[in-house]
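Visitor: Can you read through this structure? Questions will come right after.
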Amino acid sequence: MTKFWHAVESADKRFPLIAVGALLGLAFFTGGQYMGWHFHHFVHHKITHVVTNEVGMLFFFAYLGLEIKIRTLKQAGRFAGLAALGGILVPPLVCYALVQNWFLAIGAMATDVAFSIGALNLRRNAKVKLLLMGSALLILAVGDDLGGVGVAAGVFADNVDTSWLVGAGVLLVICYFLGERGKLKVVMQEVERPETRGTYEAIIVITRPSFWLMAAIINTWILHKAGVEWMLGPCLVFILAPQSIKERFIKKLEPIIPLILLAFGFTNAGIDLLNAQSWGWITAGCFLGGMFGKQIGIFAGGVIGRAWTRRATKKSRDIYSKTPLGQIYGLALFGSVNGTVAIFFVSLAFAQGHVTKLVATQAILGFFLTVPAVYIQTLLFGRFIKEDPAFQEEEPHRTPIERSFNGSPPVTIRAPALRPDSTA
């Protein structure tokens, strides 16, 4: 069985299985319509969509939350931050100008991590690997998806119950202090001895998997009661979990995520390509807004971020201030792939009655077409995208808190002891 999961992971790295599923779904449904079959309509059945678009996406967004590192996003600096912001703000505006529907336009803000890395790997003829760009691309894709998750929680909320929403907020704050932050500043002194007064840091991290699993389940239930998209429940909790917990859950989920996306791509690509109604202005609007809107937004944000970084700091470690324009273009190109999250947003819009089936079909096709379009552009122009050989790969480092608690008890509180002979 282990060999099977390794084979799945290896196949997904070579070519994302969601793309395989989408291609198979397109061929299966188009062929079924052409041959006059009837059983191929099962891909549009309610039970099928519950399994792939709700249960499957629950696990996918949980995995996405595990991959998001808030500290990494904070440390990305002005360059990566503004590039991600440009990729969030500009594409929906361009897409809305073309399709006149915000529920479809927000899908344009999503960057598919797997497809983006796949586009980056197409530059096989590069003499210098784009190590720094790979790091920036991952930050960009994760930042875009984090923004998309936040927007989805608000846009697709239905009859929101404020009291339950406050409860979810309280739970997430607790998770933040017991995981992502993991420390509290406390002031201590001996009784009637003000000279011993001092500020100390109490380290509080919960590393028991059962706690975080239970918190994810509770948050999912609370969001459901609040009227907010409940599938985001585990995602929001796992974003705030300590790195050791993320690594354990990633190890469990990583083998099955490609298969989940394979099924998701297959069912959501149930489109008849030979039907003229599958092609329309919505298809073109989502394609142009999703891809070119991304490229414009990311490139503009990256250029502004580079200029801001140069003026704001002279620290040699901030190598993003030296980013060549060619690399910024490459980042914009590789990051302009819409995929899983964009298609998911369209499916949500259809499920909640915001768009018709025909409009949803055209939008899904438009967002999916960004994948081959970006890959073709990469093959044509990838050799012109270069990176300074002096740039070194940015290795992810654990924080001191996470290193301190590697293999530690589930709950630890650590603070320096006060001694009777301590002085101010």
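As shown in the structure tokens, the chain order sets the letters A, B, ...; within each chain, residues go from 1, and ligands are also counted from 1 in the order they appear.
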Would you mind listing what lies within 9 Å of stretch 232-249 of chain A as a PyMOL selection string, with only C-alpha atoms counted and same-chain residues fewer than 3 positions away left out?
Guide: chain A and resi 57-70+149+152-153+171-173+175-182+205-209+212-213+215-224+228-229+252-254+398-399+402-403+405-407
Visitor: Quick one: residues within 8 Å of A:Arg197, only C-alpha atoms, excluding same-chain residues fewer than 3 positions away - as a list in words?
Guide: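 Everything that qualifies: Val187, Met188, Gln189, Glu190, Arg193, Pro194 and Ala424 of chain A.
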Visitor: Using only C-alpha atoms, which of the listed residues (A:Ile282, A:Val94, A:Ala363, A:Leu274) sits closest to A:Met35?
Guide: A:Leu274
Visitor: Given only C-alpha atoms as the basis, pick out the residue of A:Thr340, A:Asn101, A:Thr370, A:Thr283 nearest to A:Ala263.
Guide: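 Selected residue with least distance to A:Ala263: A:Thr340.
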Visitor: Measuring atom to atom with only C-alpha atoms, identify which of A:Pro324, A:Gly335, A:Pro372, A:Gly154 is nearest to A:Lys294.
Guide: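 Nearest candidate to A:Lys294 out of A:Pro324, A:Gly335, A:Pro372, A:Gly154: A:Gly335.
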Visitor: Any idea what's packed within 9 Å of A:Leu358, counting only C-alpha atoms, ignoring anything in its chain fewer than 4 positions away? Could you give it as a short mmCIF file (atom, residue, chain, number, x, y, z; two decimals) with N, CA and C atoms, in the first residue's frame?
Guide:
```
data_model
loop_
_atom_site.label_atom_id
_atom_site.label_comp_id
_atom_site.auth_asym_id
_atom_site.auth_seq_id
_atom_site.Cartn_x
_atom_site.Cartn_y
_atom_site.Cartn_z
N GLN A 277 -22.88 26.30 -26.53
CA GLN A 277 -23.27 27.06 -25.34
C GLN A 277 -22.22 27.01 -24.23
N SER A 278 -21.29 26.03 -24.32
CA SER A 278 -20.21 25.95 -23.33
C SER A 278 -19.19 27.05 -23.54
N GLN A 362 -19.54 27.79 -18.28
CA GLN A 362 -18.63 28.65 -19.03
C GLN A 362 -17.51 29.18 -18.15
N ALA A 363 -17.84 29.54 -16.91
CA ALA A 363 -16.82 30.08 -16.00
C ALA A 363 -15.77 29.03 -15.65
#
```
Visitor: Would you mind telling me which residue in A:Val170, A:Leu348, A:Ile204, A:Val20 lies nearest to A:Trp230 when using only C-alpha atoms?
Guide: A:Leu348
Visitor: Considering only C-alpha atoms, can you say which of A:Pro92, A:Phe211, A:Ala83, A:Lys3 comes closest to A:Gly305?
Guide: A:Ala83
Visitor: Taking the chain letters and numbering used in this document, name the residues of stretch 173-401 of chain A that DSSP puts in helix (DSSP H, G or I), as a short mmCIF file (atom, residue, chain, number, x, y, z; two decimals) with N, CA and C atoms, in the first residue's frame.
Guide:
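Writing done, so here's states_28.cif:
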```cif
data_model
loop_
_atom_site.label_atom_id
_atom_site.label_comp_id
_atom_site.auth_asym_id
_atom_site.auth_seq_id
_atom_site.Cartn_x
_atom_site.Cartn_y
_atom_site.Cartn_z
N VAL A 173 -8.92 32.76 18.25
CA VAL A 173 -7.98 33.52 19.08
C VAL A 173 -7.26 32.58 20.06
N ILE A 174 -8.03 31.66 20.66
CA ILE A 174 -7.43 30.68 21.57
C ILE A 174 -6.40 29.82 20.83
N CYS A 175 -6.78 29.39 19.62
CA CYS A 175 -5.86 28.57 18.81
C CYS A 175 -4.60 29.35 18.46
N TYR A 176 -4.74 30.64 18.21
CA TYR A 176 -3.59 31.47 17.87
C TYR A 176 -2.59 31.52 19.01
N PHE A 177 -3.07 31.72 20.23
CA PHE A 177 -2.16 31.84 21.38
C PHE A 177 -1.61 30.49 21.82
N LEU A 178 -2.31 29.40 21.48
CA LEU A 178 -1.82 28.07 21.85
C LEU A 178 -1.03 27.40 20.73
N GLY A 179 -0.93 28.08 19.59
CA GLY A 179 -0.23 27.47 18.46
C GLY A 179 0.70 28.43 17.76
N GLU A 180 0.16 29.24 16.86
CA GLU A 180 0.98 30.12 16.02
C GLU A 180 1.83 31.08 16.85
N PRO A 209 -2.05 16.23 18.86
CA PRO A 209 -2.87 16.24 17.64
C PRO A 209 -4.37 16.19 17.92
N SER A 210 -4.77 15.46 18.97
CA SER A 210 -6.21 15.32 19.27
C SER A 210 -6.84 16.68 19.58
N PHE A 211 -6.07 17.58 20.23
CA PHE A 211 -6.61 18.91 20.53
C PHE A 211 -6.93 19.66 19.25
N TRP A 212 -6.00 19.66 18.31
CA TRP A 212 -6.19 20.42 17.07
C TRP A 212 -7.25 19.78 16.18
N LEU A 213 -7.33 18.46 16.21
CA LEU A 213 -8.38 17.79 15.45
C LEU A 213 -9.76 18.12 16.01
N MET A 214 -9.86 18.12 17.34
CA MET A 214 -11.13 18.47 17.97
C MET A 214 -11.48 19.93 17.72
N ALA A 215 -10.48 20.82 17.76
CA ALA A 215 -10.73 22.24 17.50
C ALA A 215 -11.23 22.44 16.07
N ALA A 216 -10.67 21.67 15.12
CA ALA A 216 -11.11 21.76 13.72
C ALA A 216 -12.55 21.31 13.57
N ILE A 217 -12.91 20.23 14.25
CA ILE A 217 -14.29 19.72 14.18
C ILE A 217 -15.26 20.72 14.80
N ILE A 218 -14.89 21.26 15.96
CA ILE A 218 -15.76 22.23 16.64
C ILE A 218 -15.93 23.49 15.79
N ASN A 219 -14.84 23.97 15.19
CA ASN A 219 -14.93 25.18 14.37
C ASN A 219 -15.79 24.94 13.12
N THR A 220 -15.71 23.75 12.55
CA THR A 220 -16.55 23.41 11.40
C THR A 220 -18.03 23.46 11.79
N TRP A 221 -18.35 22.92 12.95
CA TRP A 221 -19.75 22.93 13.44
C TRP A 221 -20.21 24.35 13.74
N ILE A 222 -19.34 25.15 14.35
CA ILE A 222 -19.70 26.53 14.67
C ILE A 222 -19.95 27.34 13.39
N LEU A 223 -19.08 27.19 12.39
CA LEU A 223 -19.27 27.92 11.14
C LEU A 223 -20.56 27.50 10.45
N HIS A 224 -20.89 26.21 10.54
CA HIS A 224 -22.16 25.74 9.96
C HIS A 224 -23.35 26.41 10.65
N LYS A 225 -23.29 26.50 11.96
CA LYS A 225 -24.37 27.15 12.72
C LYS A 225 -24.40 28.65 12.45
N ALA A 226 -23.23 29.23 12.17
CA ALA A 226 -23.15 30.67 11.93
C ALA A 226 -23.62 31.06 10.53
N TRP A 230 -18.93 26.11 5.94
CA TRP A 230 -18.40 25.24 6.99
C TRP A 230 -17.16 24.48 6.55
N MET A 231 -16.96 24.31 5.23
CA MET A 231 -15.80 23.57 4.75
C MET A 231 -14.48 24.25 5.10
N LEU A 232 -14.54 25.54 5.47
CA LEU A 232 -13.34 26.28 5.82
C LEU A 232 -12.96 26.11 7.30
N GLY A 233 -13.78 25.40 8.06
CA GLY A 233 -13.53 25.23 9.49
C GLY A 233 -12.17 24.67 9.83
N PRO A 234 -11.80 23.48 9.32
CA PRO A 234 -10.47 22.94 9.62
C PRO A 234 -9.35 23.82 9.09
N CYS A 235 -9.55 24.43 7.93
CA CYS A 235 -8.51 25.28 7.32
C CYS A 235 -8.12 26.42 8.26
N LEU A 236 -9.10 27.12 8.80
CA LEU A 236 -8.83 28.28 9.66
C LEU A 236 -8.11 27.87 10.93
N VAL A 237 -8.46 26.71 11.48
CA VAL A 237 -7.80 26.22 12.71
C VAL A 237 -6.37 25.80 12.41
N PHE A 238 -6.18 25.05 11.33
CA PHE A 238 -4.84 24.51 11.03
C PHE A 238 -3.87 25.61 10.61
N ILE A 239 -4.35 26.73 10.10
CA ILE A 239 -3.47 27.85 9.80
C ILE A 239 -2.75 28.30 11.07
N GLN A 243 3.95 24.38 14.05
CA GLN A 243 4.54 23.72 12.89
C GLN A 243 4.66 22.22 13.08
N SER A 244 4.94 21.77 14.28
CA SER A 244 5.07 20.32 14.51
C SER A 244 3.77 19.60 14.22
N ILE A 245 2.64 20.22 14.58
CA ILE A 245 1.33 19.63 14.30
C ILE A 245 1.07 19.63 12.79
N LYS A 246 1.42 20.74 12.13
CA LYS A 246 1.21 20.83 10.68
C LYS A 246 1.97 19.72 9.96
N GLU A 247 3.20 19.48 10.39
CA GLU A 247 4.00 18.46 9.72
C GLU A 247 3.40 17.07 9.89
N ARG A 248 2.84 16.80 11.06
CA ARG A 248 2.24 15.48 11.31
C ARG A 248 0.99 15.27 10.47
N PHE A 249 0.13 16.29 10.40
CA PHE A 249 -1.10 16.15 9.62
C PHE A 249 -0.81 16.16 8.12
N ILE A 250 0.18 16.96 7.69
CA ILE A 250 0.54 16.98 6.28
C ILE A 250 0.99 15.58 5.84
N LYS A 251 1.76 14.93 6.68
CA LYS A 251 2.24 13.59 6.37
C LYS A 251 1.08 12.61 6.17
N LYS A 252 0.00 12.82 6.94
CA LYS A 252 -1.17 11.94 6.82
C LYS A 252 -2.01 12.26 5.59
N LEU A 253 -2.17 13.55 5.29
CA LEU A 253 -3.07 13.97 4.22
C LEU A 253 -2.42 14.01 2.84
N ILE A 257 -4.53 13.72 -1.00
CA ILE A 257 -4.98 14.97 -1.61
C ILE A 257 -4.98 14.89 -3.15
N PRO A 258 -3.94 14.33 -3.79
CA PRO A 258 -3.99 14.23 -5.26
C PRO A 258 -5.19 13.44 -5.77
N LEU A 259 -5.57 12.37 -5.04
CA LEU A 259 -6.73 11.58 -5.46
C LEU A 259 -8.03 12.36 -5.26
N ILE A 260 -8.10 13.15 -4.19
CA ILE A 260 -9.27 14.00 -3.97
C ILE A 260 -9.40 15.01 -5.10
N LEU A 261 -8.28 15.61 -5.50
CA LEU A 261 -8.30 16.59 -6.58
C LEU A 261 -8.56 15.93 -7.94
N LEU A 262 -8.12 14.68 -8.09
CA LEU A 262 -8.42 13.93 -9.32
C LEU A 262 -9.93 13.78 -9.48
N ALA A 263 -10.61 13.38 -8.39
CA ALA A 263 -12.07 13.23 -8.43
C ALA A 263 -12.76 14.58 -8.60
N PHE A 264 -12.23 15.60 -7.93
CA PHE A 264 -12.81 16.95 -8.04
C PHE A 264 -12.71 17.46 -9.48
N GLY A 265 -11.55 17.30 -10.09
CA GLY A 265 -11.36 17.75 -11.47
C GLY A 265 -12.26 17.00 -12.43
N PHE A 266 -12.43 15.69 -12.20
CA PHE A 266 -13.26 14.87 -13.09
C PHE A 266 -14.72 15.31 -13.05
N THR A 267 -15.27 15.48 -11.86
CA THR A 267 -16.70 15.81 -11.76
C THR A 267 -16.99 17.24 -12.19
N ASN A 268 -16.11 18.17 -11.88
CA ASN A 268 -16.37 19.57 -12.21
C ASN A 268 -16.05 19.91 -13.66
N ALA A 276 -21.93 24.50 -28.38
CA ALA A 276 -21.57 25.92 -28.56
C ALA A 276 -21.90 26.75 -27.34
N GLN A 277 -22.88 26.30 -26.53
CA GLN A 277 -23.27 27.06 -25.34
C GLN A 277 -22.22 27.01 -24.23
N SER A 278 -21.29 26.03 -24.32
CA SER A 278 -20.21 25.95 -23.33
C SER A 278 -19.19 27.05 -23.54
N TRP A 281 -19.06 34.60 -23.76
CA TRP A 281 -18.32 35.72 -23.23
C TRP A 281 -17.89 35.46 -21.78
N ILE A 282 -18.67 34.67 -21.04
CA ILE A 282 -18.28 34.33 -19.67
C ILE A 282 -16.99 33.51 -19.69
N THR A 283 -16.90 32.57 -20.63
CA THR A 283 -15.67 31.77 -20.78
C THR A 283 -14.47 32.67 -21.04
N ALA A 284 -14.65 33.59 -21.99
CA ALA A 284 -13.55 34.50 -22.33
C ALA A 284 -13.23 35.44 -21.18
N GLY A 285 -14.25 35.95 -20.50
CA GLY A 285 -14.04 36.89 -19.40
C GLY A 285 -13.28 36.27 -18.24
N CYS A 286 -13.67 35.04 -17.86
CA CYS A 286 -12.98 34.36 -16.76
C CYS A 286 -11.55 33.99 -17.17
N PHE A 287 -11.37 33.60 -18.42
CA PHE A 287 -10.03 33.26 -18.90
C PHE A 287 -9.12 34.50 -18.91
N LEU A 288 -9.60 35.58 -19.52
CA LEU A 288 -8.78 36.79 -19.63
C LEU A 288 -8.57 37.45 -18.27
N GLY A 289 -9.64 37.55 -17.49
CA GLY A 289 -9.53 38.16 -16.17
C GLY A 289 -8.67 37.35 -15.23
N GLY A 290 -8.83 36.01 -15.29
CA GLY A 290 -8.07 35.15 -14.39
C GLY A 290 -6.59 35.11 -14.72
N MET A 291 -6.24 35.05 -16.00
CA MET A 291 -4.83 34.92 -16.38
C MET A 291 -4.14 36.27 -16.53
N PHE A 292 -4.65 37.12 -17.43
CA PHE A 292 -3.99 38.40 -17.67
C PHE A 292 -4.18 39.36 -16.49
N GLY A 293 -5.32 39.26 -15.80
CA GLY A 293 -5.51 40.06 -14.59
C GLY A 293 -4.47 39.72 -13.54
N LYS A 294 -4.17 38.42 -13.42
CA LYS A 294 -3.14 37.97 -12.49
C LYS A 294 -1.76 38.51 -12.89
N GLN A 295 -1.45 38.38 -14.16
CA GLN A 295 -0.13 38.80 -14.62
C GLN A 295 0.08 40.29 -14.42
N ILE A 296 -0.96 41.07 -14.71
CA ILE A 296 -0.86 42.52 -14.52
C ILE A 296 -0.71 42.86 -13.04
N GLY A 297 -1.57 42.27 -12.21
CA GLY A 297 -1.56 42.58 -10.78
C GLY A 297 -0.28 42.16 -10.09
N ILE A 298 0.19 40.94 -10.36
CA ILE A 298 1.41 40.45 -9.71
C ILE A 298 2.63 41.23 -10.18
N PHE A 299 2.72 41.50 -11.48
CA PHE A 299 3.86 42.24 -11.99
C PHE A 299 3.90 43.66 -11.42
N ALA A 300 2.76 44.35 -11.44
CA ALA A 300 2.71 45.71 -10.91
C ALA A 300 3.02 45.72 -9.41
N GLY A 301 2.44 44.78 -8.66
CA GLY A 301 2.72 44.70 -7.23
C GLY A 301 4.16 44.38 -6.95
N GLY A 302 4.77 43.49 -7.76
CA GLY A 302 6.17 43.15 -7.57
C GLY A 302 7.10 44.31 -7.85
N VAL A 303 6.82 45.08 -8.90
CA VAL A 303 7.65 46.24 -9.22
C VAL A 303 7.57 47.29 -8.12
N ILE A 304 6.34 47.56 -7.64
CA ILE A 304 6.17 48.53 -6.55
C ILE A 304 6.86 48.03 -5.28
N GLY A 305 6.70 46.73 -5.00
CA GLY A 305 7.33 46.16 -3.81
C GLY A 305 8.84 46.20 -3.87
N ARG A 306 9.41 45.96 -5.04
CA ARG A 306 10.87 46.03 -5.19
C ARG A 306 11.37 47.45 -4.95
N ALA A 307 10.66 48.44 -5.53
CA ALA A 307 11.07 49.84 -5.34
C ALA A 307 10.94 50.26 -3.89
N TRP A 308 9.90 49.83 -3.24
CA TRP A 308 9.67 50.17 -1.83
C TRP A 308 10.75 49.53 -0.96
N THR A 309 11.08 48.28 -1.29
CA THR A 309 12.12 47.58 -0.52
C THR A 309 13.46 48.27 -0.64
N ARG A 310 13.79 48.73 -1.85
CA ARG A 310 15.08 49.41 -2.06
C ARG A 310 15.18 50.68 -1.25
N ARG A 311 14.08 51.41 -1.14
CA ARG A 311 14.11 52.68 -0.40
C ARG A 311 14.03 52.47 1.11
N ALA A 312 13.35 51.40 1.52
CA ALA A 312 13.09 51.22 2.95
C ALA A 312 14.21 50.52 3.69
N ILE A 319 17.18 40.16 -0.30
CA ILE A 319 17.59 40.02 -1.69
C ILE A 319 16.46 40.30 -2.66
N TYR A 320 15.22 40.40 -2.17
CA TYR A 320 14.12 40.73 -3.06
C TYR A 320 14.28 42.14 -3.64
N SER A 321 15.07 42.99 -2.97
CA SER A 321 15.28 44.34 -3.50
C SER A 321 16.10 44.33 -4.78
N LYS A 322 16.75 43.18 -5.07
CA LYS A 322 17.57 43.07 -6.28
C LYS A 322 16.88 42.29 -7.39
N LEU A 325 13.62 42.46 -13.43
CA LEU A 325 12.28 42.56 -14.00
C LEU A 325 11.87 41.25 -14.67
N GLY A 326 12.84 40.57 -15.28
CA GLY A 326 12.53 39.29 -15.91
C GLY A 326 12.01 38.28 -14.92
N GLN A 327 12.56 38.31 -13.70
CA GLN A 327 12.10 37.39 -12.67
C GLN A 327 10.71 37.77 -12.19
N ILE A 328 10.43 39.06 -12.08
CA ILE A 328 9.10 39.50 -11.67
C ILE A 328 8.07 39.07 -12.71
N TYR A 329 8.44 39.19 -14.00
CA TYR A 329 7.54 38.72 -15.05
C TYR A 329 7.30 37.21 -14.92
N GLY A 330 8.37 36.46 -14.64
CA GLY A 330 8.23 35.02 -14.47
C GLY A 330 7.30 34.69 -13.31
N LEU A 331 7.45 35.42 -12.21
CA LEU A 331 6.58 35.20 -11.06
C LEU A 331 5.13 35.46 -11.43
N ALA A 332 4.90 36.54 -12.21
CA ALA A 332 3.55 36.88 -12.64
C ALA A 332 3.00 35.81 -13.59
N LEU A 333 3.85 35.31 -14.47
CA LEU A 333 3.42 34.28 -15.42
C LEU A 333 3.05 32.98 -14.71
N PHE A 334 3.97 32.48 -13.87
CA PHE A 334 3.72 31.21 -13.19
C PHE A 334 2.54 31.30 -12.21
N THR A 340 -7.98 24.90 -8.77
CA THR A 340 -8.90 24.26 -7.83
C THR A 340 -9.79 25.26 -7.11
N VAL A 341 -9.19 26.28 -6.48
CA VAL A 341 -9.96 27.21 -5.66
C VAL A 341 -10.92 28.03 -6.53
N ALA A 342 -10.47 28.44 -7.73
CA ALA A 342 -11.34 29.21 -8.63
C ALA A 342 -12.56 28.39 -9.04
N ILE A 343 -12.33 27.13 -9.42
CA ILE A 343 -13.43 26.25 -9.81
C ILE A 343 -14.36 25.99 -8.63
N PHE A 344 -13.77 25.88 -7.44
CA PHE A 344 -14.57 25.67 -6.23
C PHE A 344 -15.49 26.86 -5.97
N PHE A 345 -14.97 28.08 -6.15
CA PHE A 345 -15.79 29.27 -5.96
C PHE A 345 -16.97 29.29 -6.93
N VAL A 346 -16.72 28.91 -8.18
CA VAL A 346 -17.80 28.87 -9.17
C VAL A 346 -18.85 27.83 -8.77
N SER A 347 -18.39 26.67 -8.29
CA SER A 347 -19.32 25.63 -7.84
C SER A 347 -20.16 26.11 -6.67
N LEU A 348 -19.54 26.85 -5.76
CA LEU A 348 -20.30 27.42 -4.64
C LEU A 348 -21.35 28.41 -5.13
N ALA A 349 -20.95 29.27 -6.08
CA ALA A 349 -21.89 30.26 -6.60
C ALA A 349 -23.09 29.59 -7.25
N PHE A 350 -22.85 28.48 -7.96
CA PHE A 350 -23.96 27.75 -8.59
C PHE A 350 -24.82 27.05 -7.54
N ALA A 351 -24.16 26.42 -6.56
CA ALA A 351 -24.90 25.70 -5.53
C ALA A 351 -25.82 26.63 -4.73
N LYS A 357 -26.63 27.28 -14.34
CA LYS A 357 -25.76 26.16 -14.70
C LYS A 357 -24.94 26.50 -15.93
N LEU A 358 -25.54 27.17 -16.91
CA LEU A 358 -24.83 27.53 -18.13
C LEU A 358 -23.69 28.49 -17.83
N VAL A 359 -23.94 29.49 -17.01
CA VAL A 359 -22.91 30.46 -16.65
C VAL A 359 -21.78 29.78 -15.88
N ALA A 360 -22.15 28.89 -14.94
CA ALA A 360 -21.14 28.17 -14.17
C ALA A 360 -20.27 27.31 -15.08
N THR A 361 -20.89 26.66 -16.05
CA THR A 361 -20.14 25.82 -17.00
C THR A 361 -19.12 26.64 -17.77
N GLN A 362 -19.54 27.79 -18.28
CA GLN A 362 -18.63 28.65 -19.03
C GLN A 362 -17.51 29.18 -18.15
N ALA A 363 -17.84 29.54 -16.91
CA ALA A 363 -16.82 30.08 -16.00
C ALA A 363 -15.77 29.03 -15.65
N ILE A 364 -16.22 27.81 -15.34
CA ILE A 364 -15.28 26.73 -15.01
C ILE A 364 -14.35 26.46 -16.18
N LEU A 365 -14.91 26.43 -17.39
CA LEU A 365 -14.08 26.20 -18.58
C LEU A 365 -13.07 27.33 -18.76
N GLY A 366 -13.51 28.57 -18.54
CA GLY A 366 -12.62 29.72 -18.69
C GLY A 366 -11.45 29.67 -17.72
N PHE A 367 -11.73 29.39 -16.44
CA PHE A 367 -10.66 29.32 -15.44
C PHE A 367 -9.73 28.15 -15.71
N PHE A 368 -10.29 27.02 -16.16
CA PHE A 368 -9.44 25.86 -16.41
C PHE A 368 -8.52 26.10 -17.61
N THR A 370 -6.87 28.59 -18.28
CA THR A 370 -5.65 29.32 -17.92
C THR A 370 -4.47 28.38 -17.73
N VAL A 371 -4.75 27.11 -17.41
CA VAL A 371 -3.67 26.15 -17.18
C VAL A 371 -2.87 25.88 -18.46
N PRO A 372 -3.50 25.36 -19.52
CA PRO A 372 -2.70 25.14 -20.74
C PRO A 372 -2.14 26.43 -21.32
N ALA A 373 -2.86 27.53 -21.18
CA ALA A 373 -2.37 28.81 -21.73
C ALA A 373 -1.08 29.24 -21.05
N VAL A 374 -1.01 29.12 -19.72
CA VAL A 374 0.20 29.49 -18.98
C VAL A 374 1.34 28.53 -19.31
N TYR A 375 1.03 27.25 -19.44
CA TYR A 375 2.07 26.27 -19.76
C TYR A 375 2.65 26.55 -21.14
N ILE A 376 1.81 26.91 -22.10
CA ILE A 376 2.29 27.23 -23.45
C ILE A 376 3.18 28.48 -23.41
N GLN A 377 2.76 29.51 -22.66
CA GLN A 377 3.58 30.72 -22.53
C GLN A 377 4.92 30.41 -21.89
N THR A 378 4.91 29.49 -20.91
CA THR A 378 6.16 29.12 -20.24
C THR A 378 7.12 28.44 -21.22
N LEU A 379 6.59 27.54 -22.04
CA LEU A 379 7.43 26.86 -23.03
C LEU A 379 7.99 27.83 -24.06
N LEU A 380 7.22 28.85 -24.39
CA LEU A 380 7.64 29.81 -25.41
C LEU A 380 8.62 30.85 -24.86
N PHE A 381 8.35 31.34 -23.64
CA PHE A 381 9.13 32.47 -23.12
C PHE A 381 9.95 32.12 -21.88
N GLY A 382 9.88 30.87 -21.43
CA GLY A 382 10.55 30.49 -20.19
C GLY A 382 12.05 30.70 -20.21
N ARG A 383 12.66 30.56 -21.39
CA ARG A 383 14.13 30.70 -21.46
C ARG A 383 14.59 32.14 -21.21
N PHE A 384 13.66 33.10 -21.31
CA PHE A 384 14.03 34.49 -21.07
C PHE A 384 13.92 34.89 -19.59
N PRO A 400 12.40 29.55 17.03
CA PRO A 400 12.95 29.01 18.28
C PRO A 400 11.91 28.30 19.11
N ILE A 401 10.67 28.82 19.09
CA ILE A 401 9.60 28.19 19.86
C ILE A 401 9.37 26.77 19.36
#
```
Visitor: Using only C-alpha atoms for the distances, tell me which of A:Leu89, A:Ile271, A:Leu137, A:Leu82 is nearest to A:Met109.
Guide: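 Among the listed residues, the smallest separation from A:Met109 belongs to A:Leu89.
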Visitor: Just list the residues in stretch 203-264 of chain A DSSP gives strand (DSSP E) on the backbone, as a count of residues only.
Guide: 4
